[in-house]
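As structure tokens, the structure follows; a few thoughts come after it.
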Amino acid sequence: MPPSPLGILVPLAEEAEALFALMKQDGATQTRRIGGRDYHSGHLFGRACVLTLSRVGKVAAATATAGLIHAYEVGAILNVGVAGGAAQTVKVGDIVVGEAMLQHDLDARPIFPRYEVPLTGMSSFAADTGIAAGLASAVEAFLAEDLPLLPAEIRGQFTLSAPSLHRGLIISGDQFVNGHAAVAALRRDLPEALAIEMESGAVAQVCHDYGVPCAVLRIISDSADDNAHVDFPAFLAKVASYYSHHILRRFLQQAQFLQQA
Ligand code: ADE
């Protein structure tokens with residue numbers, strides 16, 4: 001029996017440019033287009049993986065997650081990308097490993113409580129604890145050993161002084177949050193939220209429905225305030241791709257629970 005591959009779902013190619021390039025270098029990689037998205041199956045650091053460009057937003061992420069489950073029977077799904085910092089303690093360059101994911105724009109009141117996914121009784125979906133722990137240890141090693149090798153001018157450009165790891169709640173919605181009032185309202189309503197993005201709540205819900213373990217890794221690109229859009233493309237190209245490449249290298253090389261390809 002071939003090993004169940006790991007599904008890796010990335011919203012924008014630039015968030016994991018180095019991983020896409022590595023996958024393409026591997027002559028054995030196969031690309032299938034399903035539902036308007038490309039699924040690249042092959043190996044990354046010795047593990048069977050399907051790397052998928054989901055595109056942005058919850059519907060796109062849900063569609064890509066269902067594609068990974070139906071067409072590839074993945075054993076687990078990892079959602080990797082950037083996010084805005086929600087908590088005041090979460091700074092640009094920090095990394096958040098999700099423990100639970102919630103959709104902050106889901107509101108079917110008064111029929112169902114705010115944030116609850118109708119007819120499930122659930123408002124947040126948990127990450128797989130083993131995968132999240134593996135990601136966290138890969139992040140710790142990355143921060144200690146790989147981050148110092150990122151050129152000083154890039155660290156200076158994005159004021160990455162002493163990035164750190166956070167673990168906890170990630171919130172998703174179909175908005176790019178880039179205003180002081182918007183981020184303040186989210187902080188008030190969801191004080192435990194660490195990071196804001198547009199996909200992982202949907203990925204986690206679909207994975208829950210199918211009983212597929214999932215985990216989320218987000219690199220903080222902005223503080224979701226009035227400056228959120230500034231230098232976003234530069235951050236993706238110069239920082240996010242470096243982070244995702246090296247964190248996943250460490251994660252995939254050490255992961256005990258993934259079957260060796
Ligand atoms: N992804 C990265 N930054 C974000 C933000 N500020 N809002 C939503 N998604 C994001």
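Residue names in the structure tokens use chain letters A, B, ... in the order shown, residue numbers from 1 in each chain, and ligand numbers from 1 in the order shown.
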> Counting only C-alpha atoms, what is within 7 Å of A:Leu160, bar same-chain residues fewer than 5 positions away, as a PyMOL selection string?
Replying inline: chain A and resi 92-93+155
Can you tell me, as an mmCIF file with N, CA, C and O atoms, in the first residue's frame, what residues are no more than 10 Å from A:Val183 when counting only C-alpha atoms, ignoring any on the same chain fewer than 6 positions away?
data_model
loop_
_atom_site.group_PDB
_atom_site.id
_atom_site.type_symbol
_atom_site.label_atom_id
_atom_site.label_comp_id
_atom_site.auth_asym_id
_atom_site.auth_seq_id
_atom_site.Cartn_x
_atom_site.Cartn_y
_atom_site.Cartn_z
ATOM 1 N N GLY A 84 -2.742 38.095 9.580
ATOM 2 C CA GLY A 84 -2.583 39.326 10.349
ATOM 3 C C GLY A 84 -2.533 38.976 11.833
ATOM 4 O O GLY A 84 -3.152 38.008 12.265
ATOM 5 N N GLY A 85 -1.815 39.763 12.595
ATOM 6 C CA GLY A 85 -1.762 39.540 14.046
ATOM 7 C C GLY A 85 -3.053 40.049 14.674
ATOM 8 O O GLY A 85 -3.479 41.170 14.400
ATOM 9 N N ALA A 86 -3.675 39.234 15.508
ATOM 10 C CA ALA A 86 -4.900 39.684 16.191
ATOM 11 C C ALA A 86 -4.546 40.190 17.588
ATOM 12 O O ALA A 86 -4.881 41.319 17.949
ATOM 13 N N ALA A 87 -3.861 39.367 18.362
ATOM 14 C CA ALA A 87 -3.478 39.793 19.718
ATOM 15 C C ALA A 87 -2.370 40.837 19.633
ATOM 16 O O ALA A 87 -1.548 40.800 18.717
ATOM 17 N N VAL A 177 -8.526 42.058 6.735
ATOM 18 C CA VAL A 177 -8.756 43.044 7.807
ATOM 19 C C VAL A 177 -7.608 44.046 7.781
ATOM 20 O O VAL A 177 -6.454 43.687 8.022
ATOM 21 N N ASP A 189 -14.374 41.183 20.547
ATOM 22 C CA ASP A 189 -15.322 40.064 20.507
ATOM 23 C C ASP A 189 -14.657 38.705 20.697
ATOM 24 O O ASP A 189 -15.293 37.767 21.174
ATOM 25 N N ILE A 196 -5.447 36.400 12.340
ATOM 26 C CA ILE A 196 -6.637 36.545 11.483
ATOM 27 C C ILE A 196 -6.236 36.223 10.053
ATOM 28 O O ILE A 196 -5.265 36.810 9.539
ATOM 29 N N SER A 223 -0.256 43.682 10.941
ATOM 30 C CA SER A 223 -0.973 43.772 12.217
ATOM 31 C C SER A 223 -2.456 44.064 11.991
ATOM 32 O O SER A 223 -3.140 44.522 12.907
ATOM 33 N N ALA A 224 -2.961 43.779 10.792
ATOM 34 C CA ALA A 224 -4.388 43.877 10.454
ATOM 35 C C ALA A 224 -4.964 45.271 10.694
ATOM 36 O O ALA A 224 -6.167 45.445 10.783
ATOM 37 N N ASP A 225 -4.097 46.264 10.803
ATOM 38 C CA ASP A 225 -4.569 47.625 11.041
ATOM 39 C C ASP A 225 -4.423 48.460 9.766
ATOM 40 O O ASP A 225 -4.317 47.923 8.663
ATOM 41 N N ASP A 226 -4.357 49.787 9.908
ATOM 42 C CA ASP A 226 -4.349 50.643 8.717
ATOM 43 C C ASP A 226 -3.125 50.430 7.821
ATOM 44 O O ASP A 226 -3.116 50.859 6.676
#
>> Which of stretch 8-187 of chain A end up as alpha helix (DSSP H) when DSSP is run on this backbone - answer as a PyMOL selection string?
In response: chain A and resi 17-25+58-72+129-141+152-157+180-187
>> Give me, as JSON, numbers by chain, all polymer residues having an atom no more than 12 Å from A:Ala108, counting only C-alpha atoms and skipping those fewer than 4 positions away in the same chain.
In response: {"A": [103, 104, 112, 113, 114, 115, 116, 117, 118, 119, 123]}
Mind writing the picked residues with C-alpha atoms as an mmCIF file, in the first residue's frame?
data_model
loop_
_atom_site.group_PDB
_atom_site.id
_atom_site.type_symbol
_atom_site.label_atom_id
_atom_site.label_comp_id
_atom_site.auth_asym_id
_atom_site.auth_seq_id
_atom_site.Cartn_x
_atom_site.Cartn_y
_atom_site.Cartn_z
ATOM 1 C CA GLN A 103 -14.943 31.613 11.465
ATOM 2 C CA HIS A 104 -15.305 35.140 12.811
ATOM 3 C CA PHE A 112 -27.966 29.768 16.136
ATOM 4 C CA PRO A 113 -25.420 31.298 18.515
ATOM 5 C CA ARG A 114 -22.886 33.664 16.973
ATOM 6 C CA TYR A 115 -19.927 31.817 15.349
ATOM 7 C CA GLU A 116 -21.662 28.431 15.590
ATOM 8 C CA VAL A 117 -21.595 26.401 12.379
ATOM 9 C CA PRO A 118 -25.312 25.699 11.983
ATOM 10 C CA LEU A 119 -26.435 22.185 12.923
ATOM 11 C CA SER A 123 -18.003 27.135 16.721
#
> Mind listing the residues within 6 Å of ligand 1, only C-alpha atoms and all ligand atoms counted, as a VMD selection string?
Replying inline: chain A and resid 82 to 84 175 to 178 196 to 198 221 to 222 224 228
Selection from above, N, CA, C and O atoms, as a short mmCIF file (atom, residue, chain, number, x, y, z; two decimals), in the first residue's frame, can you write it?
data_model
loop_
_atom_site.label_atom_id
_atom_site.label_comp_id
_atom_site.auth_asym_id
_atom_site.auth_seq_id
_atom_site.Cartn_x
_atom_site.Cartn_y
_atom_site.Cartn_z
N VAL A 82 0.18 33.14 5.39
CA VAL A 82 0.41 34.31 6.24
C VAL A 82 -0.90 34.69 6.94
O VAL A 82 -1.97 34.18 6.60
N ALA A 83 -0.79 35.58 7.90
CA ALA A 83 -1.98 36.04 8.64
C ALA A 83 -1.68 37.40 9.24
O ALA A 83 -0.51 37.79 9.40
N GLY A 84 -2.74 38.09 9.58
CA GLY A 84 -2.58 39.33 10.35
C GLY A 84 -2.53 38.98 11.83
O GLY A 84 -3.15 38.01 12.26
N GLN A 175 -12.76 38.49 4.74
CA GLN A 175 -12.31 39.88 4.62
C GLN A 175 -10.81 39.94 4.88
O GLN A 175 -10.35 39.25 5.79
N PHE A 176 -10.13 40.79 4.11
CA PHE A 176 -8.77 41.15 4.49
C PHE A 176 -8.93 42.28 5.51
O PHE A 176 -9.46 43.34 5.17
N VAL A 177 -8.53 42.06 6.74
CA VAL A 177 -8.76 43.04 7.81
C VAL A 177 -7.61 44.05 7.78
O VAL A 177 -6.45 43.69 8.02
N ASN A 178 -7.93 45.29 7.45
CA ASN A 178 -6.86 46.29 7.37
C ASN A 178 -7.34 47.65 7.86
O ASN A 178 -7.17 48.66 7.20
N ILE A 196 -5.45 36.40 12.34
CA ILE A 196 -6.64 36.54 11.48
C ILE A 196 -6.24 36.22 10.05
O ILE A 196 -5.27 36.81 9.54
N GLU A 197 -7.00 35.34 9.43
CA GLU A 197 -6.75 35.09 8.00
C GLU A 197 -8.06 34.70 7.33
O GLU A 197 -9.12 35.00 7.86
N MET A 198 -8.00 34.06 6.18
CA MET A 198 -9.21 33.91 5.38
C MET A 198 -9.52 32.46 4.99
O MET A 198 -10.36 32.24 4.12
N SER A 221 2.21 38.51 8.81
CA SER A 221 2.70 39.43 7.78
C SER A 221 2.35 40.88 8.09
O SER A 221 2.94 41.80 7.51
N ASP A 222 1.37 41.10 8.96
CA ASP A 222 0.88 42.47 9.20
C ASP A 222 0.10 42.47 10.50
O ASP A 222 -0.20 41.42 11.06
N ALA A 224 -2.96 43.78 10.79
CA ALA A 224 -4.39 43.88 10.45
C ALA A 224 -4.96 45.27 10.69
O ALA A 224 -6.17 45.44 10.78
N ALA A 228 -1.92 47.38 7.10
CA ALA A 228 -1.86 45.94 6.79
C ALA A 228 -1.42 45.64 5.36
O ALA A 228 -0.74 44.66 5.12
#
>> Measuring between only C-alpha atoms, which one of A:Lys24, A:Arg109, A:Arg47, A:Arg55 shows the shortest distance to A:Leu12?
In response: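 Result for the nearest residue to A:Leu12: A:Arg55.
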> DSSP on the backbone: what in stretch 49-232 of chain A comes out strand (DSSP E or B), as a ChimeraX atom specification?
Replying inline: /A:49-53,76-85,95-103,117,122,124-126,165-172,193-197,214-222
Filtering to C-alpha atoms, could you give me those residues as a compact mmCIF listing (two decimals), in the first residue's frame?
# COMPACT_ATOMS: atom_id res chain seq x y z
CA CYS A 49 2.80 15.24 -0.36
CA VAL A 50 0.13 16.93 -2.46
CA LEU A 51 0.84 20.63 -2.65
CA THR A 52 -2.23 22.65 -3.58
CA LEU A 53 -2.80 26.27 -4.38
CA ALA A 76 -3.76 14.75 7.04
CA ILE A 77 -3.93 18.35 5.82
CA LEU A 78 -1.64 21.20 6.67
CA ASN A 79 -2.77 24.75 5.93
CA VAL A 80 0.20 27.09 5.54
CA GLY A 81 0.24 30.81 4.84
CA VAL A 82 0.41 34.31 6.24
CA ALA A 83 -1.98 36.04 8.64
CA GLY A 84 -2.58 39.33 10.35
CA GLY A 85 -1.76 39.54 14.05
CA ILE A 95 4.53 32.41 13.85
CA VAL A 96 1.21 31.03 15.02
CA VAL A 97 0.46 27.32 15.20
CA GLY A 98 -3.32 26.88 15.45
CA GLU A 99 -4.84 24.86 18.26
CA ALA A 100 -8.41 25.76 17.23
CA MET A 101 -9.90 27.57 14.22
CA LEU A 102 -13.08 29.68 14.19
CA GLN A 103 -14.94 31.61 11.46
CA VAL A 117 -21.59 26.40 12.38
CA MET A 122 -19.57 23.74 17.16
CA SER A 124 -14.36 26.15 16.59
CA PHE A 125 -12.58 23.10 15.21
CA ALA A 126 -9.48 21.68 16.85
CA LEU A 165 6.03 31.19 18.38
CA HIS A 166 2.43 31.43 19.63
CA ARG A 167 -0.10 28.61 19.91
CA GLY A 168 -3.85 29.03 20.18
CA LEU A 169 -6.92 30.32 18.38
CA ILE A 170 -6.82 31.41 14.72
CA ILE A 171 -9.84 33.19 13.25
CA SER A 172 -10.89 33.26 9.59
CA ALA A 193 -7.65 35.19 18.89
CA LEU A 194 -3.97 35.25 17.97
CA ALA A 195 -4.13 35.55 14.17
CA ILE A 196 -6.64 36.54 11.48
CA GLU A 197 -6.75 35.09 8.00
CA CYS A 214 -5.53 18.98 10.19
CA ALA A 215 -3.08 21.59 11.41
CA VAL A 216 -2.43 25.24 10.64
CA LEU A 217 0.79 27.22 10.42
CA ARG A 218 0.59 30.99 9.90
CA ILE A 219 3.36 33.53 9.54
CA ILE A 220 2.38 37.01 10.69
CA SER A 221 2.70 39.43 7.78
CA ASP A 222 0.88 42.47 9.20
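Counting only C-alpha atoms, the residue from A:Gly201, A:Pro3, A:Gly179, A:Pro151 that sits nearest to A:Ala62 is A:Gly201.
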>> Need to verify the contact set: stretch 243-258 of chain A, 8 Å, only C-alpha atoms, exclusion of same-chain residues closer than 6 positions in sequence. Can you return it as a ChimeraX atom specification?
In response: /A:6,15-16,18-19,44-47,80-81,134-135,137-139,141-142,146-147,219
> Which polymer residues have any atom within 8 Å of an atom of A:Gly75, counting only C-alpha atoms, with same-chain residues fewer than 5 positions away left out, as JSON, numbers by chain?
Replying inline: {"A": [4, 5, 6, 7, 212, 213]}
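Here atom CA of A:Asp209 stands at a distance of 20.5 Å from atom CA of A:Ile34.
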>> Under the rule that only C-alpha atoms are counted, which of A:His70, A:His229, A:Lys238, A:Arg188 is the nearest residue to A:Ala152?
In response: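 Closest residue, counting only C-alpha atoms: A:Lys238.
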>> Using Å and a single decimal, report how far atom CA of A:Ala234 sits from atom CA of A:Ala64.
In response: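 Between these atoms lies a distance of 25.8 Å.
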